[in-house]
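One file, entry05.txt, is given below (compact mmCIF, C-alpha atoms).
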```txt
# COMPACT_ATOMS: atom_id res chain seq x y z
CA MET A 1 0.00 0.00 0.00
CA THR A 2 1.24 3.51 -0.80
CA GLU A 3 2.43 5.31 2.34
CA PRO A 4 0.11 8.05 3.60
CA SER A 5 0.50 11.43 1.94
CA LYS A 6 -1.33 14.73 2.17
CA VAL A 7 -1.84 14.42 -1.62
CA ILE A 8 -4.87 12.36 -2.72
CA HIS A 9 -5.03 10.83 -6.20
CA VAL A 10 -8.59 10.72 -7.66
CA ARG A 11 -9.39 8.53 -10.70
CA ASN A 12 -12.37 8.31 -13.09
CA VAL A 13 -12.88 12.10 -12.99
CA GLY A 14 -15.18 12.61 -16.01
CA HIS A 15 -15.31 15.82 -18.03
CA GLU A 16 -18.64 16.71 -16.37
CA ILE A 17 -16.95 16.86 -12.94
CA SER A 18 -15.77 20.34 -11.92
CA GLU A 19 -13.12 21.49 -9.45
CA ASN A 20 -15.97 22.60 -7.21
CA ASP A 21 -17.45 19.06 -7.19
CA LEU A 22 -14.11 17.67 -5.99
CA LEU A 23 -13.75 20.38 -3.36
CA GLN A 24 -17.18 19.48 -1.93
CA LEU A 25 -16.07 15.84 -1.65
CA PHE A 26 -12.95 16.63 0.40
CA GLN A 27 -13.60 19.95 2.19
CA PRO A 28 -15.46 18.30 5.13
CA PHE A 29 -12.13 16.72 6.14
CA GLY A 30 -9.99 19.87 6.23
CA VAL A 31 -8.41 22.70 4.26
CA ILE A 32 -7.46 21.95 0.65
CA THR A 33 -4.30 23.81 -0.36
CA LYS A 34 -3.96 22.70 -4.01
CA LEU A 35 -6.10 21.04 -6.67
CA VAL A 36 -4.78 19.86 -10.02
CA MET A 37 -7.18 18.56 -12.72
CA LEU A 38 -5.45 16.13 -15.11
CA ARG A 39 -8.21 16.30 -17.73
CA ALA A 40 -6.42 14.21 -20.37
CA LYS A 41 -6.15 11.28 -17.92
CA ASN A 42 -9.57 11.75 -16.23
CA GLN A 43 -7.70 12.18 -12.95
CA ALA A 44 -7.11 14.81 -10.28
CA LEU A 45 -4.64 15.48 -7.48
CA ILE A 46 -5.79 17.13 -4.25
CA GLN A 47 -3.40 18.36 -1.58
CA MET A 48 -4.70 18.70 1.98
CA GLN A 49 -3.01 20.99 4.51
CA ASP A 50 -1.37 17.99 6.21
CA ILE A 51 -1.55 14.18 6.37
CA PRO A 52 -4.26 13.46 9.09
CA PRO A 53 -7.19 14.99 7.13
CA ALA A 54 -6.09 13.05 4.02
CA VAL A 55 -6.03 9.84 6.09
CA ASN A 56 -9.51 10.63 7.48
CA ALA A 57 -10.86 11.22 3.97
CA LEU A 58 -9.49 7.93 2.64
CA GLN A 59 -10.70 5.98 5.67
CA PHE A 60 -14.19 7.45 5.20
CA TYR A 61 -14.28 6.74 1.46
CA ALA A 62 -13.02 3.19 2.04
CA ASN A 63 -16.43 2.56 3.66
CA VAL A 64 -18.59 4.88 1.53
CA GLN A 65 -18.22 4.82 -2.25
CA PRO A 66 -17.66 8.44 -3.36
CA ALA A 67 -19.74 9.45 -6.39
CA ILE A 68 -20.05 12.79 -8.20
CA ARG A 69 -22.94 13.48 -10.59
CA GLY A 70 -23.78 9.75 -10.66
CA ARG A 71 -20.20 8.70 -11.50
CA ASN A 72 -18.13 6.65 -9.02
CA VAL A 73 -14.68 8.13 -8.40
CA TYR A 74 -11.79 6.18 -6.87
CA VAL A 75 -9.37 7.63 -4.34
CA GLN A 76 -5.95 6.60 -3.05
CA PHE A 77 -2.83 8.23 -1.60
CA SER A 78 -0.66 9.79 -4.28
CA SER A 79 2.99 8.77 -4.66
CA HIS A 80 3.69 12.54 -4.38
CA GLN A 81 4.23 13.83 -0.84
CA GLU A 82 3.81 17.42 -2.11
CA LEU A 83 2.47 18.96 -5.33
CA THR A 84 5.15 20.91 -7.18
CA THR A 85 4.76 23.77 -9.65
CA MET A 86 5.43 21.24 -12.42
CA ASP A 87 2.44 19.14 -11.37
CA GLN A 88 0.25 22.23 -11.32
CA ASN A 89 1.40 23.20 -14.81
CA ALA A 90 0.16 19.82 -16.05
CA GLN A 91 -3.37 21.16 -16.07
CA GLY A 92 -2.44 24.16 -18.20
CA ARG A 93 -3.53 26.74 -15.66
CA GLY A 94 -2.62 30.38 -16.00
CA ASP A 95 0.99 30.48 -14.81
CA GLU A 96 2.32 33.09 -17.23
CA PRO A 97 2.80 36.20 -15.02
CA ASN A 98 0.34 38.98 -15.83
CA ARG A 99 -0.88 42.07 -13.96
CA ILE A 100 -4.46 40.66 -13.90
CA LEU A 101 -5.25 37.86 -11.44
CA LEU A 102 -8.14 35.40 -11.66
CA VAL A 103 -9.20 34.62 -8.09
CA THR A 104 -11.57 31.76 -7.18
CA ILE A 105 -12.95 31.69 -3.64
CA HIS A 106 -13.65 28.25 -2.21
CA HIS A 107 -15.74 27.41 0.86
CA MET A 108 -17.38 30.83 0.80
CA LEU A 109 -19.44 31.10 3.98
CA TYR A 110 -19.50 34.91 4.10
CA PRO A 111 -20.27 37.46 1.35
CA ILE A 112 -17.22 38.71 -0.53
CA THR A 113 -17.54 42.21 -2.00
CA VAL A 114 -15.25 44.48 -4.00
CA GLU A 115 -14.38 46.27 -0.72
CA VAL A 116 -13.29 43.02 0.96
CA LEU A 117 -11.13 42.05 -2.04
CA HIS A 118 -9.59 45.53 -2.21
CA GLN A 119 -8.62 45.29 1.47
CA VAL A 120 -6.98 41.90 0.87
CA PHE A 121 -5.13 42.73 -2.36
CA SER A 122 -4.21 46.44 -2.07
CA PRO A 123 -1.30 45.92 0.42
CA HIS A 124 0.66 44.36 -2.49
CA GLY A 125 0.36 47.27 -4.92
CA PHE A 126 -2.04 49.70 -6.56
CA VAL A 127 -5.23 47.87 -7.58
CA GLU A 128 -6.74 49.57 -10.66
CA LYS A 129 -9.89 47.48 -11.25
CA ILE A 130 -11.90 44.63 -9.73
CA VAL A 131 -14.72 42.64 -11.37
CA THR A 132 -16.57 39.85 -9.51
CA PHE A 133 -18.84 37.16 -10.98
CA GLN A 134 -20.36 33.75 -10.35
CA LYS A 135 -19.27 30.77 -12.44
CA SER A 136 -19.61 26.99 -12.22
CA ALA A 137 -16.32 26.86 -10.28
CA GLY A 138 -17.86 29.20 -7.68
CA PHE A 139 -17.43 32.88 -6.83
CA GLN A 140 -14.61 34.46 -8.85
CA ALA A 141 -12.97 37.84 -9.29
CA LEU A 142 -10.59 39.48 -11.75
CA ILE A 143 -8.14 41.88 -10.09
CA GLN A 144 -6.05 44.25 -12.20
CA TYR A 145 -2.88 45.75 -10.71
CA GLN A 146 -0.96 48.71 -12.09
CA SER A 147 2.16 46.53 -12.41
CA ARG A 148 2.91 42.88 -13.06
CA GLN A 149 5.32 42.79 -10.09
CA SER A 150 2.45 43.64 -7.71
CA ALA A 151 0.31 40.81 -9.12
CA VAL A 152 3.19 38.32 -8.77
CA ALA A 153 3.80 39.44 -5.16
CA ALA A 154 0.09 39.16 -4.30
CA ARG A 155 -0.21 35.66 -5.77
CA THR A 156 2.95 34.46 -4.01
CA THR A 157 1.75 35.77 -0.63
CA LEU A 158 -1.98 35.02 -0.79
CA GLN A 159 -2.31 31.74 -2.74
CA GLY A 160 -4.15 29.14 -0.58
CA ARG A 161 -4.76 31.60 2.29
CA ASN A 162 -8.21 32.14 3.89
CA ILE A 163 -9.83 35.60 3.94
CA TYR A 164 -11.75 34.63 7.09
CA ASP A 165 -10.77 32.03 9.66
CA GLY A 166 -11.50 28.56 8.29
CA CYS A 167 -13.28 29.66 5.09
CA CYS A 168 -13.21 31.82 1.94
CA GLN A 169 -10.00 30.25 0.64
CA LEU A 170 -8.15 32.07 -2.17
CA ASP A 171 -7.16 30.14 -5.30
CA ILE A 172 -5.18 32.54 -7.51
CA GLN A 173 -4.06 32.19 -11.14
CA PHE A 174 -2.77 34.70 -13.64
CA SER A 175 -5.45 35.75 -16.12
CA ASN A 176 -4.67 35.91 -19.84
CA LEU A 177 -6.70 39.14 -20.26
CA ASP A 178 -4.88 42.37 -21.13
CA GLU A 179 -7.28 44.95 -19.68
CA LEU A 180 -10.49 44.77 -17.62
CA GLN A 181 -13.50 46.72 -18.81
CA VAL A 182 -15.56 48.11 -15.92
CA ASN A 183 -18.87 49.85 -16.67
CA TYR A 184 -20.15 50.45 -13.13
CA ASN A 185 -18.76 51.22 -9.68
CA ASN A 186 -20.74 49.14 -7.17
CA GLU A 187 -20.31 46.19 -4.78
CA ARG A 188 -19.62 43.84 -7.74
CA SER A 189 -17.23 45.87 -9.89
CA ARG A 190 -15.03 48.93 -9.38
CA ASP A 191 -12.63 51.05 -11.43
CA PHE A 192 -10.37 52.74 -8.86
CA THR A 193 -8.89 54.96 -11.61
CA ASN A 194 -12.33 56.35 -12.57
CA PRO A 195 -14.51 57.19 -9.51
CA ASN A 196 -17.14 58.94 -11.70
CA LEU A 197 -18.68 55.78 -13.22
CA PRO A 198 -22.42 55.24 -12.50
CA SER A 199 -23.39 52.67 -9.88
CA GLU A 200 -25.71 50.87 -12.38
CA GLN A 201 -29.39 51.59 -12.94
CA LYS A 202 -31.81 49.64 -10.80
CA GLY A 203 -33.35 46.57 -12.40
CA ARG A 204 -30.73 46.43 -15.12
CA SER A 205 -29.26 43.05 -16.06
CA SER A 206 -25.87 42.54 -14.50
CA GLN A 207 -24.25 41.00 -17.54
CA GLN A 208 -20.74 42.41 -17.67
CA SER A 209 -19.77 42.89 -21.31
CA GLY A 210 -16.60 41.19 -22.38
CA TYR A 211 -16.67 38.20 -20.01
CA GLY A 212 -19.05 35.82 -21.81
CA ASP A 213 -20.53 33.20 -19.51
CA ALA A 214 -18.76 34.76 -16.54
CA GLY A 215 -21.26 37.61 -16.46
CA SER A 216 -23.71 36.27 -13.88
CA MET A 217 -22.91 38.49 -10.92
CA TYR A 218 -23.07 37.27 -7.35
CA GLY A 219 -26.37 38.08 -5.66
CA ILE A 220 -28.16 39.10 -8.88
CA GLN A 221 -30.23 37.00 -11.24
CA PRO A 222 -29.83 37.92 -14.93
CA SER A 223 -32.64 36.81 -17.22
CA GLY A 224 -33.06 33.05 -16.98
CA ALA A 225 -29.77 32.38 -15.18
CA ARG A 226 -29.78 30.20 -12.07
CA GLY A 227 -28.03 32.74 -9.88
CA VAL A 228 -28.85 33.45 -6.24
CA ALA A 229 -31.36 36.31 -6.35
CA PHE A 230 -32.21 37.42 -2.87
CA PRO A 231 -29.97 40.19 -1.53
CA GLN A 232 -32.62 40.78 1.16
CA MET A 233 -31.67 37.48 2.79
CA ALA A 234 -28.85 37.41 5.30
CA ASN A 235 -28.01 33.83 4.32
CA ALA A 236 -27.49 34.49 0.58
CA ALA A 237 -23.74 33.86 0.95
CA ALA A 238 -24.31 30.51 2.67
CA ILE A 239 -26.79 29.50 -0.03
CA ALA A 240 -24.33 30.48 -2.77
CA ALA A 241 -21.58 28.50 -1.03
CA ALA A 242 -23.83 25.44 -0.62
CA PHE A 243 -25.13 25.22 -4.16
CA GLY A 244 -22.08 26.51 -6.05
CA GLY A 245 -23.80 29.78 -6.92
CA GLY A 246 -26.91 28.16 -8.43
CA LEU A 247 -30.01 26.64 -6.85
CA PRO A 248 -31.39 23.09 -6.77
CA PRO A 249 -33.67 22.32 -9.76
CA GLY A 250 -37.24 23.40 -9.01
CA ILE A 251 -36.24 26.05 -6.45
CA SER A 252 -36.90 29.65 -7.53
CA GLY A 253 -35.30 31.47 -4.60
CA THR A 254 -37.92 34.22 -4.90
CA ASN A 255 -40.56 32.97 -2.43
CA ASP A 256 -41.17 35.31 0.53
CA ARG A 257 -43.89 33.27 2.31
CA CYS A 258 -42.46 31.82 5.53
CA THR A 259 -45.41 29.72 6.77
CA VAL A 260 -46.18 26.24 5.47
CA LEU A 261 -49.48 24.34 5.76
CA VAL A 262 -49.07 20.57 6.27
CA SER A 263 -52.13 18.36 5.83
CA ASN A 264 -53.03 14.64 5.74
CA LEU A 265 -51.00 14.05 8.91
CA ASN A 266 -51.69 11.04 11.11
CA PRO A 267 -53.26 12.82 14.16
CA ASP A 268 -52.75 9.79 16.44
CA ARG A 269 -48.98 9.76 15.97
CA ILE A 270 -47.89 13.33 15.13
CA ASP A 271 -46.89 16.11 17.54
CA GLU A 272 -45.08 19.45 17.28
CA ASP A 273 -41.63 18.08 18.14
CA LYS A 274 -41.88 15.38 15.46
CA LEU A 275 -42.83 18.03 12.88
CA PHE A 276 -39.91 20.14 14.10
CA ASN A 277 -37.50 17.24 13.58
CA LEU A 278 -38.64 16.83 9.97
CA PHE A 279 -38.94 20.46 8.89
CA SER A 280 -35.75 21.62 10.64
CA ILE A 281 -33.76 19.76 7.95
CA TYR A 282 -34.71 22.57 5.55
CA GLY A 283 -34.36 25.64 7.81
CA ASN A 284 -34.78 27.12 11.25
CA ILE A 285 -38.24 26.76 12.82
CA VAL A 286 -39.91 29.76 14.48
CA ARG A 287 -43.11 28.12 15.76
CA ILE A 288 -45.52 25.26 15.02
CA LYS A 289 -49.28 25.02 15.56
CA LEU A 290 -51.47 21.90 15.29
CA LEU A 291 -54.98 22.96 14.19
CA ARG A 292 -57.55 21.82 16.77
CA ASN A 293 -60.51 22.02 14.39
CA LYS A 294 -58.56 20.03 11.72
CA PRO A 295 -56.46 17.49 13.66
CA ASP A 296 -54.65 16.28 10.50
CA HIS A 297 -53.47 19.86 9.69
CA ALA A 298 -50.55 21.91 11.07
CA LEU A 299 -48.88 25.25 10.40
CA VAL A 300 -45.06 25.49 10.42
CA GLN A 301 -43.38 28.91 10.36
CA MET A 302 -39.85 28.76 8.90
CA GLY A 303 -37.00 31.24 9.31
CA ASP A 304 -37.47 32.77 5.86
CA GLY A 305 -39.11 32.26 2.48
CA PHE A 306 -36.19 30.34 0.96
CA GLN A 307 -36.23 27.76 3.77
CA ALA A 308 -40.03 27.43 3.44
CA GLU A 309 -39.62 26.84 -0.30
CA LEU A 310 -37.06 24.07 0.34
CA ALA A 311 -39.48 22.37 2.77
CA VAL A 312 -42.44 22.54 0.36
CA HIS A 313 -40.30 21.32 -2.56
CA PHE A 314 -38.62 18.39 -0.81
CA LEU A 315 -41.46 17.18 1.48
CA LYS A 316 -44.47 17.37 -0.88
CA GLY A 317 -45.83 13.81 -1.17
CA ALA A 318 -43.50 12.31 1.47
CA MET A 319 -44.88 9.32 3.40
CA LEU A 320 -45.05 9.53 7.21
CA PHE A 321 -46.98 7.26 9.61
CA GLU A 322 -48.81 5.62 6.65
CA LYS A 323 -50.02 8.97 5.28
CA ARG A 324 -48.87 10.88 2.19
CA LEU A 325 -48.15 14.45 3.32
CA GLU A 326 -49.55 17.50 1.55
CA VAL A 327 -47.19 20.45 1.99
CA ASN A 328 -48.11 23.89 0.62
CA PHE A 329 -47.50 27.58 1.36
CA SER A 330 -50.03 28.96 3.85
CA LYS A 331 -52.11 32.06 3.22
CA HIS A 332 -51.06 33.20 6.73
CA PRO A 333 -47.79 35.21 6.61
CA ASN A 334 -46.94 34.01 10.13
CA ILE A 335 -48.38 32.10 13.09
CA THR A 336 -49.70 34.25 15.94
CA GLN A 337 -48.11 33.23 19.23
CA GLY A 338 -50.62 31.73 21.67
CA ALA A 339 -51.43 28.97 24.15
CA ASP A 340 -51.72 26.41 21.34
CA THR A 341 -48.41 27.24 19.60
CA HIS A 342 -45.04 25.65 20.30
CA GLU A 343 -42.09 28.07 20.20
CA TYR A 344 -38.80 26.99 18.59
CA MET A 345 -37.19 30.32 17.71
CA ASN A 346 -34.57 30.03 20.47
CA SER A 347 -34.19 26.24 20.30
CA ASN A 348 -30.59 25.10 20.18
CA LEU A 349 -31.83 22.20 18.03
CA ASN A 350 -32.33 24.56 15.06
CA ARG A 351 -29.68 23.36 12.62
CA PHE A 352 -29.04 26.50 10.55
CA ASN A 353 -27.58 28.72 13.27
CA ARG A 354 -24.23 27.01 12.65
CA ASN A 355 -22.70 25.63 9.42
CA ALA A 356 -25.58 27.01 7.32
CA ALA A 357 -23.86 26.26 3.99
CA LYS A 358 -23.25 22.63 4.98
CA ASN A 359 -26.87 22.19 6.10
CA TYR A 360 -28.24 23.69 2.87
CA ARG A 361 -26.06 21.24 0.93
CA TYR A 362 -27.63 18.32 2.83
CA CYS A 363 -31.22 19.31 1.84
CA CYS A 364 -32.97 16.58 -0.15
CA SER A 365 -36.22 14.62 -0.27
CA PRO A 366 -36.48 11.76 2.25
CA THR A 367 -34.21 8.81 1.41
CA LYS A 368 -33.84 5.26 2.75
CA ILE A 369 -30.55 6.13 4.48
CA ILE A 370 -30.21 8.30 7.58
CA HIS A 371 -26.95 9.87 8.76
CA ILE A 372 -26.49 9.97 12.55
CA SER A 373 -23.96 12.29 14.22
CA SER A 374 -23.13 13.47 17.78
CA LEU A 375 -22.90 9.81 18.83
CA PRO A 376 -21.02 8.75 21.99
CA GLN A 377 -17.45 7.70 21.14
CA ASP A 378 -17.92 4.19 22.61
CA VAL A 379 -21.24 3.45 20.85
CA THR A 380 -21.55 0.06 19.12
CA GLU A 381 -23.34 -0.85 15.90
CA GLU A 382 -25.64 -3.09 17.96
CA GLU A 383 -26.71 -0.18 20.21
CA ILE A 384 -27.53 1.94 17.16
CA VAL A 385 -29.59 -0.88 15.61
CA ASN A 386 -31.47 -1.42 18.91
CA HIS A 387 -32.27 2.31 19.05
CA MET A 388 -33.61 2.40 15.47
CA GLU A 389 -35.10 -0.98 14.55
CA GLU A 390 -38.61 -0.33 15.92
CA HIS A 391 -39.17 1.89 12.87
CA GLY A 392 -38.61 -0.86 10.30
CA PRO A 393 -36.22 -3.58 9.11
CA ILE A 394 -32.63 -2.30 8.87
CA VAL A 395 -30.90 -3.38 5.64
CA ASN A 396 -27.39 -2.20 6.52
CA THR A 397 -25.45 -0.03 8.96
CA LYS A 398 -22.01 1.55 8.93
CA VAL A 399 -20.26 3.16 11.91
CA PHE A 400 -17.25 5.39 11.15
CA GLU A 401 -15.23 8.32 12.44
CA MET A 402 -14.93 11.73 10.78
CA ASN A 403 -12.67 14.40 12.29
CA GLY A 404 -12.39 12.19 15.37
CA LYS A 405 -16.17 12.05 15.92
CA LYS A 406 -18.26 8.86 15.79
CA GLN A 407 -20.99 8.84 13.11
CA ALA A 408 -23.23 6.24 11.48
CA LEU A 409 -25.27 5.48 8.37
CA VAL A 410 -28.42 3.34 8.74
CA MET A 411 -30.28 2.04 5.70
CA PHE A 412 -33.96 1.04 5.94
CA GLU A 413 -36.12 -0.83 3.40
CA SER A 414 -38.16 2.28 2.55
CA GLU A 415 -38.03 6.07 2.67
CA GLU A 416 -41.10 6.04 4.97
CA GLN A 417 -39.31 3.93 7.61
CA ALA A 418 -36.24 6.18 7.46
CA THR A 419 -38.47 9.28 7.75
CA GLU A 420 -40.22 7.82 10.80
CA ALA A 421 -36.85 7.03 12.42
CA LEU A 422 -35.65 10.59 11.80
CA VAL A 423 -38.89 12.15 13.06
CA CYS A 424 -38.97 10.04 16.24
CA LYS A 425 -35.27 9.75 17.09
CA HIS A 426 -33.61 13.06 16.05
CA ALA A 427 -32.56 14.84 19.27
CA SER A 428 -33.16 11.65 21.31
CA SER A 429 -30.62 10.41 23.84
CA LEU A 430 -28.35 7.46 23.06
CA GLY A 431 -25.68 6.50 25.59
CA GLY A 432 -25.95 9.92 27.22
CA SER A 433 -25.52 11.90 23.96
CA ILE A 434 -28.23 13.88 22.15
CA ILE A 435 -27.97 12.51 18.61
CA ARG A 436 -28.58 14.41 15.37
CA ILE A 437 -30.16 12.76 12.31
CA SER A 438 -30.46 13.86 8.68
CA PHE A 439 -31.13 12.10 5.38
CA SER A 440 -28.08 10.82 3.50
CA GLN A 441 -27.84 11.34 -0.26
CA LEU A 442 -25.68 8.23 -0.68
CA GLN A 443 -27.17 5.49 -2.86
CA THR A 444 -26.04 2.61 -0.65
CA VAL A 445 -24.25 1.87 2.63
```

Taking this structure as input, can you express it in the form of structure tokens?
Amino acid sequence: MTEPSKVIHVRNVGHEISENDLLQLFQPFGVITKLVMLRAKNQALIQMQDIPPAVNALQFYANVQPAIRGRNVYVQFSSHQELTTMDQNAQGRGDEPNRILLVTIHHMLYPITVEVLHQVFSPHGFVEKIVTFQKSAGFQALIQYQSRQSAVAARTTLQGRNIYDGCCQLDIQFSNLDELQVNYNNERSRDFTNPNLPSEQKGRSSQQSGYGDAGSMYGIQPSGARGVAFPQMANAAAIAAAFGGGLPPGISGTNDRCTVLVSNLNPDRIDEDKLFNLFSIYGNIVRIKLLRNKPDHALVQMGDGFQAELAVHFLKGAMLFEKRLEVNFSKHPNITQGADTHEYMNSNLNRFNRNAAKNYRYCCSPTKIIHISSLPQDVTEEEIVNHMEEHGPIVNTKVFEMNGKKQALVMFESEEQATEALVCKHASSLGGSIIRISFSQLQTV
């Protein structure tokens, strides 16, 4: 077996797989410092910050087959202990020094504006122009210095560094453009040599002439493009980070109704906490009300319209307690607090107060496989099965460690059984720990 290395060799990387796809596969294990796509060989090389996260990633993917866009990829330690400049040149990236830098920001949990980029890059020389845009690789920016020496110094100093602690990692190449064209001075583009440019008329499309498909600006939705289009939402940056700048198919991102009406519930088996466990997968819960005059109906108020839209989209038609749920937007903008409402606004079980981007990425319709975290370190597979098996026959289980924490995957025969297990056992106690459950998007355990 190849000795452990911080460089991971990935095979069967099809042309449809992007750098961003690979980053999402390995970022949960630690900081990625370099990524080289070997397109001609359908391979890639990924360098972690050090060896332990690479070991954790390979141990995890020894138990769980990694797949991207329906294609299985195969991972092993590389024979390289470190990626050299020569390896990076193999992918034909922009390494010819130029005064314009192409900057890609990975793991973007906070909004990045022209002002933020100017603060980061201006210590290395006079920055003339900045243009930002959203592309399939993620959030990107072009930064034009007055001199080539400044651009070289900035790239040497900043490559692989994080703008904020633990996120917003800079991946910097030299651009092959000669001059940036900036039409507007605003939070997405700026010409520091011409302060008199307009700030862009309201409602105008944000296509930046001269950059082709790179025109879809962060936070704005040009006609028909799947960009993130809700600057009024505080979590727009987390959503952009989770979905690579786009949105899941079928999600518009423009809904502003926060309250959801759930009907065809099983009144004998449902309660507010069980509804909380299910709906909190898609967003924070403010309050829930079971309707006394219609015992199979409930109102659920989500944190915002985007989270409500995710819940309606992914839960419509789901089976729970032998009933097919109807999930629709309510005509009520919110639920009035009262004796018959349950309050969850300050609940520490709301998932989206921390790691919002990661939780958005985990949103999906109910599946047969649940992912259990926050388990006690000494838990056994048998204890997990005993805790879960009342909800249906268990096909397979897998217990593993990620970042030193014990986790498990449990596969049931049907989505309904897995949904029932999640609804009844999320936030339950197992071996003295309050466990957390979500649906897994893996095809098998």

*Which residue of A:Asn293, A:Met302, A:Ile369, A:Tyr282 approaches Ser414 of chain A most closely, using all atoms listed in the file*: A:Ile369

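Every protein, DNA or RNA residue with an atom at most 12 Å from Thr397 of chain A, where only C-alpha atoms count and chain neighbours fewer than 3 positions away do not, is listed here: Asn63, Val64, Lys368, Ile369, Ile370, His371, Ile372, Thr380, Glu381, Glu382, Glu383, Ile384, Val385, Asn386, Met388, Glu389, Pro393, Ile394, Phe400, Gln407, Ala408, Leu409, Val410, Met411, Phe412, Thr444 and Val445 of chain A.
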
*Within 10 Å of segment 415-420 of chain A, counting only C-alpha atoms, which residues qualify if same-chain residues fewer than 2 places away don't, as a PyMOL selection string?*
chain A and resi 274+277-278+318-324+365-370+388-394+410-413+422-426+438-439

If you keep C-alpha atoms, can you produce a file of those selected residues as an mmCIF file, in the coordinates of the input?
```
data_model
loop_
_atom_site.group_PDB
_atom_site.id
_atom_site.type_symbol
_atom_site.label_atom_id
_atom_site.label_comp_id
_atom_site.auth_asym_id
_atom_site.auth_seq_id
_atom_site.Cartn_x
_atom_site.Cartn_y
_atom_site.Cartn_z
ATOM 1 C CA LYS A 274 -41.880 15.380 15.460
ATOM 2 C CA ASN A 277 -37.500 17.240 13.580
ATOM 3 C CA LEU A 278 -38.640 16.830 9.970
ATOM 4 C CA ALA A 318 -43.500 12.310 1.470
ATOM 5 C CA MET A 319 -44.880 9.320 3.400
ATOM 6 C CA LEU A 320 -45.050 9.530 7.210
ATOM 7 C CA PHE A 321 -46.980 7.260 9.610
ATOM 8 C CA GLU A 322 -48.810 5.620 6.650
ATOM 9 C CA LYS A 323 -50.020 8.970 5.280
ATOM 10 C CA ARG A 324 -48.870 10.880 2.190
ATOM 11 C CA SER A 365 -36.220 14.620 -0.270
ATOM 12 C CA PRO A 366 -36.480 11.760 2.250
ATOM 13 C CA THR A 367 -34.210 8.810 1.410
ATOM 14 C CA LYS A 368 -33.840 5.260 2.750
ATOM 15 C CA ILE A 369 -30.550 6.130 4.480
ATOM 16 C CA ILE A 370 -30.210 8.300 7.580
ATOM 17 C CA MET A 388 -33.610 2.400 15.470
ATOM 18 C CA GLU A 389 -35.100 -0.980 14.550
ATOM 19 C CA GLU A 390 -38.610 -0.330 15.920
ATOM 20 C CA HIS A 391 -39.170 1.890 12.870
ATOM 21 C CA GLY A 392 -38.610 -0.860 10.300
ATOM 22 C CA PRO A 393 -36.220 -3.580 9.110
ATOM 23 C CA ILE A 394 -32.630 -2.300 8.870
ATOM 24 C CA VAL A 410 -28.420 3.340 8.740
ATOM 25 C CA MET A 411 -30.280 2.040 5.700
ATOM 26 C CA PHE A 412 -33.960 1.040 5.940
ATOM 27 C CA GLU A 413 -36.120 -0.830 3.400
ATOM 28 C CA LEU A 422 -35.650 10.590 11.800
ATOM 29 C CA VAL A 423 -38.890 12.150 13.060
ATOM 30 C CA CYS A 424 -38.970 10.040 16.240
ATOM 31 C CA LYS A 425 -35.270 9.750 17.090
ATOM 32 C CA HIS A 426 -33.610 13.060 16.050
ATOM 33 C CA SER A 438 -30.460 13.860 8.680
ATOM 34 C CA PHE A 439 -31.130 12.100 5.380
#
```

I'd like the neighbourhood of segment 158-175 of chain A as a compact mmCIF listing (two decimals) with C-alpha atoms, keeping the file's coordinate frame, where a residue qualifies if any of its atoms comes within 10 Å (using all atoms listed in the file), though same-chain residues fewer than 3 positions away should be ignored.
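The result, written out as out06.txt:
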```txt
# COMPACT_ATOMS: atom_id res chain seq x y z
CA GLY A 30 -9.99 19.87 6.23
CA VAL A 31 -8.41 22.70 4.26
CA ILE A 32 -7.46 21.95 0.65
CA THR A 33 -4.30 23.81 -0.36
CA LYS A 34 -3.96 22.70 -4.01
CA LEU A 35 -6.10 21.04 -6.67
CA GLN A 49 -3.01 20.99 4.51
CA ARG A 93 -3.53 26.74 -15.66
CA GLY A 94 -2.62 30.38 -16.00
CA ASP A 95 0.99 30.48 -14.81
CA GLU A 96 2.32 33.09 -17.23
CA PRO A 97 2.80 36.20 -15.02
CA ASN A 98 0.34 38.98 -15.83
CA ARG A 99 -0.88 42.07 -13.96
CA ILE A 100 -4.46 40.66 -13.90
CA LEU A 101 -5.25 37.86 -11.44
CA LEU A 102 -8.14 35.40 -11.66
CA VAL A 103 -9.20 34.62 -8.09
CA THR A 104 -11.57 31.76 -7.18
CA ILE A 105 -12.95 31.69 -3.64
CA HIS A 106 -13.65 28.25 -2.21
CA HIS A 107 -15.74 27.41 0.86
CA MET A 108 -17.38 30.83 0.80
CA LEU A 109 -19.44 31.10 3.98
CA TYR A 110 -19.50 34.91 4.10
CA PRO A 111 -20.27 37.46 1.35
CA ILE A 112 -17.22 38.71 -0.53
CA VAL A 116 -13.29 43.02 0.96
CA LEU A 117 -11.13 42.05 -2.04
CA VAL A 120 -6.98 41.90 0.87
CA PHE A 121 -5.13 42.73 -2.36
CA HIS A 124 0.66 44.36 -2.49
CA PHE A 139 -17.43 32.88 -6.83
CA GLN A 140 -14.61 34.46 -8.85
CA ALA A 141 -12.97 37.84 -9.29
CA LEU A 142 -10.59 39.48 -11.75
CA ILE A 143 -8.14 41.88 -10.09
CA GLN A 144 -6.05 44.25 -12.20
CA ARG A 148 2.91 42.88 -13.06
CA ALA A 151 0.31 40.81 -9.12
CA VAL A 152 3.19 38.32 -8.77
CA ALA A 153 3.80 39.44 -5.16
CA ALA A 154 0.09 39.16 -4.30
CA ARG A 155 -0.21 35.66 -5.77
CA ASP A 178 -4.88 42.37 -21.13
CA ALA A 241 -21.58 28.50 -1.03
```

_Please compute the atom CA of Val312 of chain A-atom CA of Tyr360 of chain A distance, one decimal, in Å._
14.5 Å

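Atom CA of Ser373 of chain A to atom CA of Lys405 of chain A spans 8.0 Å [interatomic distance, one decimal].
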